[in-house]
Structures are given as C-alpha cells and as structure tokens.
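Novice: Could you have a look at this structure, given as structure tokens, before my questions?
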Amino acid sequence: MQGVVVVLGGATRSGSVSTLSMEDNNLVLSSEDSSSPDESELELGLGLSLGGTATACKPQQHYARILTAKDFPSVGSSVSVSASSSSSSSSSSCSSSLSRANVTAGTKRSADSVAAAANGASSQVVGWPPIRSYRMNSLVNQAKLPATEEFNSLIGNSKNSNTVAGKGTNNCSDKNNGSAKENGRLRSSLFVKVNMDGTPIGRKVDLSAHRCYETLAQTLEDMFHTSTSTISSIRSSGEEHDKATRSSKMLGGSSDFVLTYEDKEGDWMLVGDVPWGMFINSVRRLKIMRTSEAKGLAPRSEERNGRQRTNPI
Amino acid sequence: MDFSLPTEPMNHKRKNPDPSPDSDESTTQLSSPFPDEVLERVLSLLNSRKDRNSVSLVCKDWYDAERWSRTHVFIGNCYSVSPEILTRRFPNIRSVTLKGKPRFSDFDLVPPKWGAYVHSWLLVFATKYHFLEELRLKRMTVSDESLKLLAFSFPNFKALSLLSCDGFSTDGLASITTHCKNLTELDIQENDIDDKSGKWLSCFPENFMSLEVLNFANLNSDVNFEALERLVSRCKSLIVLKVNENMTLEQLHRLLVLAPHLRELGTGSLLQELTPRQHSELKSAFNNCKNLNMLSGFYEVTSIFLPVLYPACTSLTFLNLSYAALRSDGLSNLLVHCPLLQRLWVLDSVEDEGLEAVGSNCPLLEELRVFPASDPFEDEILHGVTEAGFLAVSYGCKKLHYVLYFCRQMTNAAVATIVQNCPDFTHFRLCIMNPRQPDYQTNEPMDEAFGAVVKTCTKLRRLAVSGLLTDLTFEYIGKYANNLETLSVAFAGSSDRGMECVLKGCPKLRKLEIRDCPFGNAALLSSFRKYESMRSLWMSGCKVTMDGCRLLAQEMPRLNVEVIRECGNDGFQADKLYVYRSVAGPRKDAPSFVLTL
C-alpha cells in the first residue's frame with residue numbers, strides 16, 4: 001500500500017560542515033571543510049506513502065506528483081487543511097516546491113490518523129497535544145515506568161549512559177561541585193521535530209536516546225516506514241559498517257530523499273557530516289528532504305557524485 | 001505608595017492644561033470638588049486594571065489623575081502599543097508585565113525569530129522609567145544584551161520574571177545577579193535558555209541579602225551549592241525557593257534548615273539513598289517548615305520518599321506534581337495529609353484511581369491540572385486518565401472551577417454530569433488527545449458535552465475544546481458563553497458557520513485561537529469589526545486565503561493583519577494568520593516571513 005523510499009544522508013565522521021542555504025528555490029552550497037570522509041556512508045531507506053484509500057486515489061509511485069484535495073475523502077464532518085500544523089514551522093528560507101502537496105495530502109493523513117484511533121495519531125501532529133515543549137521533553141523519560149526506587153535508579157543509570165546531550169539524572173551526592181555542564185542543553189531528553197517532504201504531519205524523535213547516526217536513522221525509518229519498502233542494497237564506501245548492514249531497508253542510490261537538519265543558526269545541513277556530539281549540540285530539527293530539493297547538500301560534491309549517494313532528478 | 005519621595009525626579013505635579021470650561025462647573029463634573037492630588041491619592045489605591053481603565057474614561061481630569069497614579073501596567077500583546085506611546089501616557093510606572101508571542105508559539109507553531117523583542121522596550125524604559133522595579137515577561141525574546149541593559153539601567157530594580165521566553169543564556173542571568181543590588185525576585189521558568197553554566201548564582205555579591213524569591217527549577221546546570229547555601233542563609237526574607245533537579249536530598253536538607261520560613265519550596269531530585277539518620281533529620285526539617293503553602297519539583301519521586309514530606313503538607317494549598325511520575329497509591333497517601341489543598345497539578349500516571357483519591361481527600365480543591373506523563377501513543381505502559389477520573393473529582397470537589405485535563409477518552413454524559421456537579425467553572429480546558437475523537441461510548445460528536453459546559457457554567461471565561469465537534473458546538477458557544485474571553489479550538493467544526501457563530505455571539509471574547517479547522521474567508525470576514533474588540537485572533541491550518549486576509553486588512557486599517565508564510569507557500573493559502581488590534585501601527589521589526597497586509 002505504501003512505498004515512498006528515502007535515503008538518509010551519510011555519515012562522515014570528520015569535522016566537516018556543509019551549509020545549505022536555500023534561497024529562491026536555488027540550493028547554494030558553501031563548504032567549509034574538505035577533509036576526506038573515509039568512513040562508510042550511511043544510507044538507509046524509509047518507506048512511506050501517501051496511502052491509497054477506497055476512493056479515487058492515484059497510485060503513489062510518482063513521488064513528485066502534486067496531490068489535490070480531490071484525491072482524498074473528507075473525514076467525518078470536517079476536512080481540515082492541516083498543512084501548517086503538520087509541516088514544520090520553518091522560516092521562508094526553506095523552499096519546497098511540493099508544499100502544496102503537503103497541504104492537500106494532509107487531509108488524507110488526518111483521515112488515516114483518525115481512523116486508526118490508537119495508532120500514534122496525535123504524536124504525529126506538530127504541536128499536539130498542546131503541551132509546552134519544555135514540559136514534553138522533560139518528563140518523557142521519567143514517566144516511562146512505575147516510580148519505584150530501584151527502577152528509577154536503573155533508569156537514572158541507563159539515562160546517564162545513553163544521554164549524549166545534556167544532563168544525566170543523578171542520584172549521587174557528589175554533585176555539588178558547581179561545575180558547568182558540558183552541553184548547554186536544557187532537557188534531559190532531546191525531542192526534535194522530523195518532517196518529511198510529502199508527509200504533512202511531522203513526528204518527533206528523541207535524539208538523546210541515540211548515540212550514533214545509525215540508530216537514529218533506524219528509528220526514523222521505523223517512524224516513516226511501512227512493510228513494503230523497496231530497495232535493499234547498501235551503499236557504503238571504505239569500511240563496511242556493521243550497523244549499516246543491519247537493516248534490510250537500506251536504500252541504494254536510486255532513492256529520492258536525504259536526511260537533513262537545521263542547526264542553531266538556521267542553516268540546513270546534511271545529517272552525518274559532523275561528529276555525533278556536535279550534531280546533537282546544534283540540531284534544532286530534522287527534515288527528510290527530497291533529493292531534488294537537497295541538491296548540492298553534499299559537502300564535497302565531486303566525491304558524492306562519484307558515489308551516487310544522492311540522486312539528482 | 002508615597003508620592004513625595006524627594007529622590008524622584010518625576011513628581012506627580014503635572015503640567016496643568018489650560019483650564020477647560022468643564023472644570024469650573026461644579027455640578028456635572030465630579031472631579032472639580034477635589035484637588036488633583038487628592039484624586040490621585042484615591043486612585044492610587046486602585047489596583048485592578050479594569051477599574052483603572054474605567055476610571056480613565058470618566059473625564060479628562062480623571063484620565064490625567066489615573067495616568068499619573070498608575071504604577072503597574074500590563075500589556076497583553078507587546079505589538080498592540082509602542083513603548084513611546086506607553087511612556088508618554090504613564091510616566092510613573094514601576095512595574096511592567098509584557099506578553100509577546102501568540103500562545104501557540106508554545107507548541108512550535110510560530111517560527112523562531114518571529115519577534116517580540118524586549119530590547120526596544122528596555123531602551124525606552126531606560127530613559128523614561130528610571131525607577132523601574134519589576135519586569136515580568138511571557139513569550140518574549142530576551143537577549144543577553146537586553147539583560148545586561150536591564151541590569152545597568154535601573155538602580156532600583158527588584159523583580160525579574162521570565163516565563164516561556166527565549167533568546168538568552170545563563171550569561172544574561174549573571175548580569176542580573178551581579179549588578180542588581182536590590183533584587184528581590186528572580187523567577188526563571190520554562191524558558192528556551194542556553195544553559196551554559198550555573199555560575200550566575202555565584203555572582204550574587206557576598207553582601208547581597210535582599211532576595212525573597214528564587215526560582216531556577218527549570219535550569220539544568222549545576223550551581224555551586226556552597227554559594228547557594230550562603231545566599232540562603234544571608235537572605236532572611238527568602239520565602240520562595242525552587243531549586244533544580246540536580247539538588248540532592250542532602251542539599252535540600254541543609255537549605256531547609258537555613259530557611260524554615262519558606263512559603264514555597266521546589267525540591268530537587270528525590271532519588272537518593274538516605275541513612276535512617278538522614279531520613280529522620282530531613283523529616284524533622286520538613287516538620288519545621290510551618291509556613292509552606294506550595295510544594296513543587298518532586299523530580300524522580302519515589303513513593304518511599306514521600307512520607308518525609310507529610311509533616312510539611314498540613315498547610316499546603318498548592319501542590320505541583322507535574323514533573324513527578326507518581327502512581328495512584330503514592331498520590332492518595334500524600335493527599336491524605338493535604339486537607340487544605342486548593343490547587344493540584346499532576347501527571348496522568350496517577351490514573352483514574354489517583355483522581356478518585358483527589359475527590360475523596362480534597363474538598364477545598366479549586367484547580368486541577370492533569371498533564372500527560374508521556375506521549376500517549378508511544379507509551380503502552382501508562383494508561384492515562386479517562387472520564388471516570390474527572391467525574392470522581394467533580395463529585396468530591398464542589399469548589400472546582402479551573403480544570404486543564406488531558407485525557408484519552410471522554411463522553412458527553414460524563415461532561416454533562418461534571419458541570420452539574422461543578423457549575424462554577426471559570427476555566428474549562430479539556431484536551432482529548434486524539435484529534436477528532438468522538439464520544440467513545442456513543443460514537444457521537446462531543447457537541448453536547450461543550451453545550452452542557454456553556455449552558456451550565458455561566459461564569460465561564462476560558463474554554464478549550466477537543467474531540468470530534470461539528471458546528472453545533474460553536475452554535476452553543478456563541479449563544480450561551482456570554483462571559484467567555486478566551487477560546488481555543490483545534491481540529492473541530494464542519495464549516496464556516498462554526499466560526500461565524502462564535503464571532504456573532506460571545507460578547508466578551510478577547511482571544512480566539514484556532515488551528516486545523518475548516519474555517520475559511522467567509523468565516524473570517526463574517527464579523528470583522530469584532531476583532532477590534534478583541535486582543536487577537538490566531539488561525540493556522542485553516543482554509544483562509546491571502547485574498548481573504550487582504551480584504552480584512554483593507555476593511556480594518558486599525559488591525560494588524562499578519563500572515564506567517566510557510567516555506568514553499570504558493571501565495572494563495574494563508575497558512576498562519578495572526579490578527580490583532582494595535583495603536584502602534586504595523587510592526588517595524590517583522591522578519592521576512594511575516595507579511596503585514
């Protein structure tokens with residue numbers, strides 16, 4: 001039923017930084033570092049579709065197709081154009097010629113969401129339920145399990161080891177040294193929004209639950225994936241990365257999407273270029289972008305083209 | 001309030017306007033028998049904004065007397081007026097409350113760098129309000145530079161409160177703590193702050209002792225505990241202390257021993273292995289806190305720990321457990337010791353059973369907020385609360401008038417019963433977390449639930465609706481909600497008619513915020529004059545188009561009609577619309593993605 005396929009940006013472990021600024025639909029790349037990446041690139045596949053319904057809904061193979069409201073039935077007594085609620089509230093520096101598709105496809109997505117009542121519907125909508133992000137982020141980790149002492153200390157320990165960014169919760173009494181935190185992050189969990197081109201409803205992912213790009217990519221893949229993903233080849237260069245082979249949903253070069261993120265300065269960067277810690281510190285939100293939109297995201301265009309990691313239109 | 005302070009450069013004598021003929025009439029003008037000073041003195045006793053606004057409308061003399069005697073000003077929308085206009089009208093302000101961004105910015109619906117910068121206000125205040133003492137900001141963008149300006153510009157500065165603000169770091173806080181010699185209040189809550197270090201706390205000078213309120217519960221960096229300890233022991237007037245999660249129980253104990261007179265306490269982490277001696281010492285420290293009426297914090301709470309707190313709970317009126325994943329037994333055991341509780345904030349981890357305990361133990365309860373403990377659809381373990389919990393509370397807590405309730409299911413019948421039990425609701429905010437979910441028993445829309453609310457609760461001032469709703473809900477609201485001031489709507493309604501009904505009714509409506517509803521231009525333009533009587537309108541994810549917005553802007557030149565342009569917007573749909581009245585004209589600091597029509 002569903003079959004959009006995604007490639008996530010590769011992981012170069014160097015300190016290179018690629019900056020993407022999008023103005024007037026043109027992608028301008030400025031690269032600040034050209035150290036050569038010798039780690040494997042990470043390419044993962046996500047499957048997602050703007051699914052079909054009983055009524056007239058054209059097949060989804062053509063990702064660039066602009067869907068209109070006619071494609072989707074109305075839900076119950078209301079059809080809402082939920083574009084803005086579900087697309088990321090980004091500044092105009094982000095361009096996507098397919099946002100119209102986002103707009104109209106939203107109706108279908110909400111239809112699905114409502115139909116599948118207990119299916120993670122509300123967690124997919126940006127800004128819903130209406131809880132301040134501060135509160136949302138700060139209590140998810142705590143509230144997972146019954147509040148027993150042993151359990152909490154277990155959680156505390158595991159959080160300490162898992163949390164890359166920001167504070168680990170502590171239950172030891174030697175914390176009064178007044179030392180500054182390594183990272184300035186406010187929250188012990190680090191939820192950021194994830195949007196995917198063509199999917200109007202955003203999700204959120206807890207970055208502090210991950211320590212490397214692979215697990216993050218896997219999670220994102222699960223979030224946006226359905227069972228009928230297509231391609232299963234693995235792209236890598238240099239060493240084979242074990243984790244990269246783990247999933248059968250990895251994508252080859254014919255995918256249409258890359259994973260990008262917006263950093264603190266508002267620039268859009270390819271995910272995977274910087275060390276994980278640096279990424280965690282600067283990421284504001286994620287976006288799975290169509291490759292056509294993300295043209296030139298690669299910091300070293302020649303090498304990337306050589307690997308055909310991103311597929312130009 | 002003593003007007004004759006010799007140090008004041010600005011005295012209360014105003015330049016007398018040319019005597020108007022009115023002031024000589026002795027019969028029809030109330031102001032004439034009194035010298036201005038007396039009138040001002042009398043008016044200075046007025047605190048309520050509404051009263052003051054009414055007073056200023058009586059006649060010119062009263063307007064003048066009021067403006068000279070006003071010391072506190074509240075600005076609900078920072079773009080509705082400019083600092084120049086404000087300072088011109090009110091020369092003697094000591095305390096300013098400013099709110100900035102639309103409320104939906106709390107839920108990430110407003111892009112970053114949207115505006116609401118406090119800096120331009122501070123620049124004007126620095127020259128006009130030299131004796132400014134208090135600044136309370138909500139949803140404003142505050143920079144470190146602004147904080148530094150604040151610290152240096154106002155020698156009498158006393159109280160700073162930042163709620164849901166962004167744009168600053170702990171360096172900015174350090175400016176405040178270093179330079180504000182008369183600081184009594186530092187309240188930093190739920191801000192998007194660049195938390196670099198806890199050094200700001202150590203910047204209080206060693207001879208500084210005026211602090212009365214300190215809240216850094218939402219800052220994560222460690223502070224130097226010894227510095228905090230010294231601060232607490234010096235500040236004998238400290239009545240509010242809310243520490244962050246990093247404080248251990250042992251540290252908390254030391255602080256309590258120094259400050260048993262606290263009225264509000266926010267604990268740190270409650271997860272620590274205590275020896276029996278430590279345990280009893282802590283319990284005795286809590287026992288000595290006879291004045292506590294608010295407790296919060298409770299990070300990483302365990303049921304085992306809670307009994308230590310019991311002695312401190314006897315005079316508790318406000319208990320904030322919204323960061324504590326308490327279960328029902330822990331809550332009910334605690335509540336037995338809180339007979340005077342008026343306000344309770346909990347997580348839905350307490351479930352319906354916990355709320356039954358609330359109903360049984362808290363007869364004086366006036367406000368209840370139940371927050372979701374985790375993402376309801378990704379957490380299989382916690383089940384949250386249902387209509388049963390709310391019902392239980394309504395049976396036991398007859399004084400309930402403020403509820404914020406996040407739940408997973410609700411029925412029309414339950415809500416009808418709830419408002420029968422508690423007809424005095426002033427704030428009814430119900431969030432059924434799955435958008436457009438119907439009554440789970442009858443599968444019908446939730447129209448009758450909110451119909452019951454507005455019909456029964458005549459004092460209702462704030463309403464948030466959810467669940468599957470047709471236009472009928474809004475017909476009810478427009479017809480019955482005569483005191484409604486704030487309405488929040490999401491994923492609701494069937495057609496333009498819904499919004500039209502609200503705009504045609506609800507005579508006291510001030511704030512209307514709507515997301516993802518099928519309301520379009522017809523609705524927007526149906527009662528456009530109404531927007532001038534309101535503070536603001538927010539519509540996102542609706543069917544309004546740019547043309548509709550332009551039309552509105554044309555018809556109502558005194559409104560600011562702003563559209564936030566989403567990326568890739570083709571210029572036809574108006575994704576996010578923000579309309580508000582203003583005497584300051586269009587924004588001069590709007591970013592490129594905000595279009596003022």
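So you can find residues: chains in the structure tokens are A, B, ... in the order shown, residues in each start at 1, and ligands are numbered from 1 in order.
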Based on only C-alpha atoms, which of the residues in chain B come within 6 Å of chain A? I want them as a ChimeraX atom specification.
Specialist: /B:106-109,111,194-197,220-225,271-272,302,325,373-374,377,433-434,494,516-518,541-542,567-568,575,593
Novice: Output the selection as a compact mmCIF listing (two decimals), in the first residue's frame - N, CA, C and O atoms for each residue.
Specialist:
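Writing done, so here's result_8.txt:
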# COMPACT_ATOMS: atom_id res chain seq x y z
N ASP B 106 4.07 28.36 21.98
CA ASP B 106 4.48 27.36 22.97
C ASP B 106 4.48 25.96 22.36
O ASP B 106 5.12 25.05 22.87
N PHE B 107 3.70 25.78 21.31
CA PHE B 107 3.58 24.46 20.70
C PHE B 107 4.25 24.44 19.34
O PHE B 107 3.84 23.72 18.43
N ASP B 108 5.25 25.27 19.20
CA ASP B 108 6.07 25.26 17.99
C ASP B 108 5.33 25.66 16.73
O ASP B 108 5.74 25.31 15.63
N LEU B 109 4.26 26.39 16.86
CA LEU B 109 3.56 26.80 15.65
C LEU B 109 4.04 28.15 15.13
O LEU B 109 3.63 28.59 14.07
N PRO B 111 7.35 30.28 13.97
CA PRO B 111 8.76 30.05 13.66
C PRO B 111 9.68 30.85 14.57
O PRO B 111 9.27 31.88 15.12
N ASP B 194 19.78 29.13 26.77
CA ASP B 194 21.05 28.48 26.52
C ASP B 194 21.74 28.34 27.88
O ASP B 194 22.33 29.29 28.40
N ASP B 195 21.62 27.16 28.40
CA ASP B 195 22.05 26.93 29.78
C ASP B 195 23.52 26.54 29.78
O ASP B 195 23.87 25.38 29.64
N LYS B 196 24.38 27.51 29.94
CA LYS B 196 25.81 27.22 29.80
C LYS B 196 26.43 26.77 31.11
O LYS B 196 27.28 25.90 31.13
N SER B 197 26.04 27.40 32.18
CA SER B 197 26.64 27.01 33.45
C SER B 197 25.80 27.59 34.57
O SER B 197 24.92 28.41 34.35
N ASN B 220 19.15 23.58 34.14
CA ASN B 220 19.74 22.28 34.39
C ASN B 220 21.17 22.29 34.89
O ASN B 220 21.62 21.32 35.47
N SER B 221 21.87 23.36 34.62
CA SER B 221 23.27 23.33 35.02
C SER B 221 23.39 23.33 36.53
O SER B 221 22.59 23.94 37.24
N ASP B 222 24.42 22.69 37.00
CA ASP B 222 24.71 22.72 38.43
C ASP B 222 25.04 24.13 38.87
O ASP B 222 25.77 24.84 38.19
N VAL B 223 24.52 24.48 40.02
CA VAL B 223 25.02 25.71 40.65
C VAL B 223 25.96 25.30 41.76
O VAL B 223 25.93 24.17 42.23
N ASN B 224 26.75 26.25 42.18
CA ASN B 224 27.66 25.99 43.27
C ASN B 224 26.87 25.93 44.56
O ASN B 224 26.29 26.92 45.00
N PHE B 225 26.86 24.75 45.17
CA PHE B 225 25.95 24.60 46.30
C PHE B 225 26.36 25.47 47.49
O PHE B 225 25.50 26.03 48.18
N LEU B 271 15.61 11.33 44.55
CA LEU B 271 16.10 9.96 44.45
C LEU B 271 17.46 9.90 45.10
O LEU B 271 18.45 10.27 44.53
N GLN B 272 17.48 9.50 46.31
CA GLN B 272 18.77 9.36 46.98
C GLN B 272 18.63 8.37 48.10
O GLN B 272 17.63 8.36 48.81
N THR B 302 9.86 9.03 44.50
CA THR B 302 9.51 7.65 44.77
C THR B 302 8.52 7.64 45.92
O THR B 302 8.55 8.50 46.78
N ALA B 325 6.31 11.37 38.26
CA ALA B 325 5.54 10.25 37.73
C ALA B 325 5.00 9.41 38.87
O ALA B 325 5.40 8.27 39.08
N ALA B 373 1.69 12.08 31.01
CA ALA B 373 3.01 11.74 31.52
C ALA B 373 3.98 11.42 30.40
O ALA B 373 5.18 11.49 30.57
N SER B 374 3.47 11.04 29.28
CA SER B 374 4.36 10.72 28.18
C SER B 374 3.54 10.77 26.92
O SER B 374 2.33 10.99 26.96
N PHE B 377 0.64 7.86 22.73
CA PHE B 377 0.53 6.78 21.75
C PHE B 377 1.82 6.03 21.55
O PHE B 377 1.89 5.12 20.76
N MET B 433 -6.88 13.70 23.66
CA MET B 433 -5.61 13.82 22.95
C MET B 433 -5.62 13.33 21.52
O MET B 433 -4.80 13.78 20.72
N ASN B 434 -6.51 12.46 21.18
CA ASN B 434 -6.59 12.04 19.80
C ASN B 434 -7.49 13.01 19.04
O ASN B 434 -8.67 13.13 19.36
N SER B 494 -17.38 21.97 11.26
CA SER B 494 -17.66 21.40 9.95
C SER B 494 -17.63 22.41 8.83
O SER B 494 -17.42 22.06 7.68
N ASP B 516 -6.24 24.15 12.46
CA ASP B 516 -6.70 22.97 11.73
C ASP B 516 -8.21 22.80 11.77
O ASP B 516 -8.72 21.73 12.13
N CYS B 517 -8.90 23.82 11.41
CA CYS B 517 -10.36 23.77 11.32
C CYS B 517 -10.78 24.22 9.92
O CYS B 517 -10.08 25.00 9.29
N PRO B 518 -11.94 23.77 9.49
CA PRO B 518 -12.35 24.10 8.12
C PRO B 518 -13.01 25.47 8.02
O PRO B 518 -14.04 25.63 7.37
N GLY B 541 -3.61 26.56 9.73
CA GLY B 541 -4.09 25.30 9.18
C GLY B 541 -5.55 25.34 8.81
O GLY B 541 -6.20 24.30 8.73
N CYS B 542 -6.08 26.50 8.59
CA CYS B 542 -7.48 26.61 8.20
C CYS B 542 -7.57 26.88 6.70
O CYS B 542 -6.61 26.70 5.98
N CYS B 567 7.24 27.80 4.31
CA CYS B 567 8.15 27.56 3.19
C CYS B 567 7.39 26.93 2.03
O CYS B 567 6.55 26.07 2.21
N GLY B 568 7.69 27.41 0.87
CA GLY B 568 7.10 26.83 -0.31
C GLY B 568 5.66 27.24 -0.52
O GLY B 568 5.01 26.77 -1.44
N ASP B 575 -1.43 30.29 5.54
CA ASP B 575 -1.28 29.17 6.47
C ASP B 575 -1.45 29.59 7.91
O ASP B 575 -2.07 28.88 8.70
N PHE B 593 9.49 36.53 6.88
CA PHE B 593 8.43 35.56 6.67
C PHE B 593 7.11 36.01 7.26
O PHE B 593 6.12 35.29 7.20
Novice: State, in Å with one decimal place, the distance from CA of Phe74 (chain B) to CA of Leu132 (chain B).
Specialist: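 That distance, rounded to one decimal, is 13.8 Å.
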Novice: Mind giving me the straight-line distance from CA of Leu123 (chain B) to CA of Glu40 (chain B) in Å, one decimal?
Specialist: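 Taking CA of Leu123 (chain B) as the start and CA of Glu40 (chain B) as the end point, the length is 28.3 Å.
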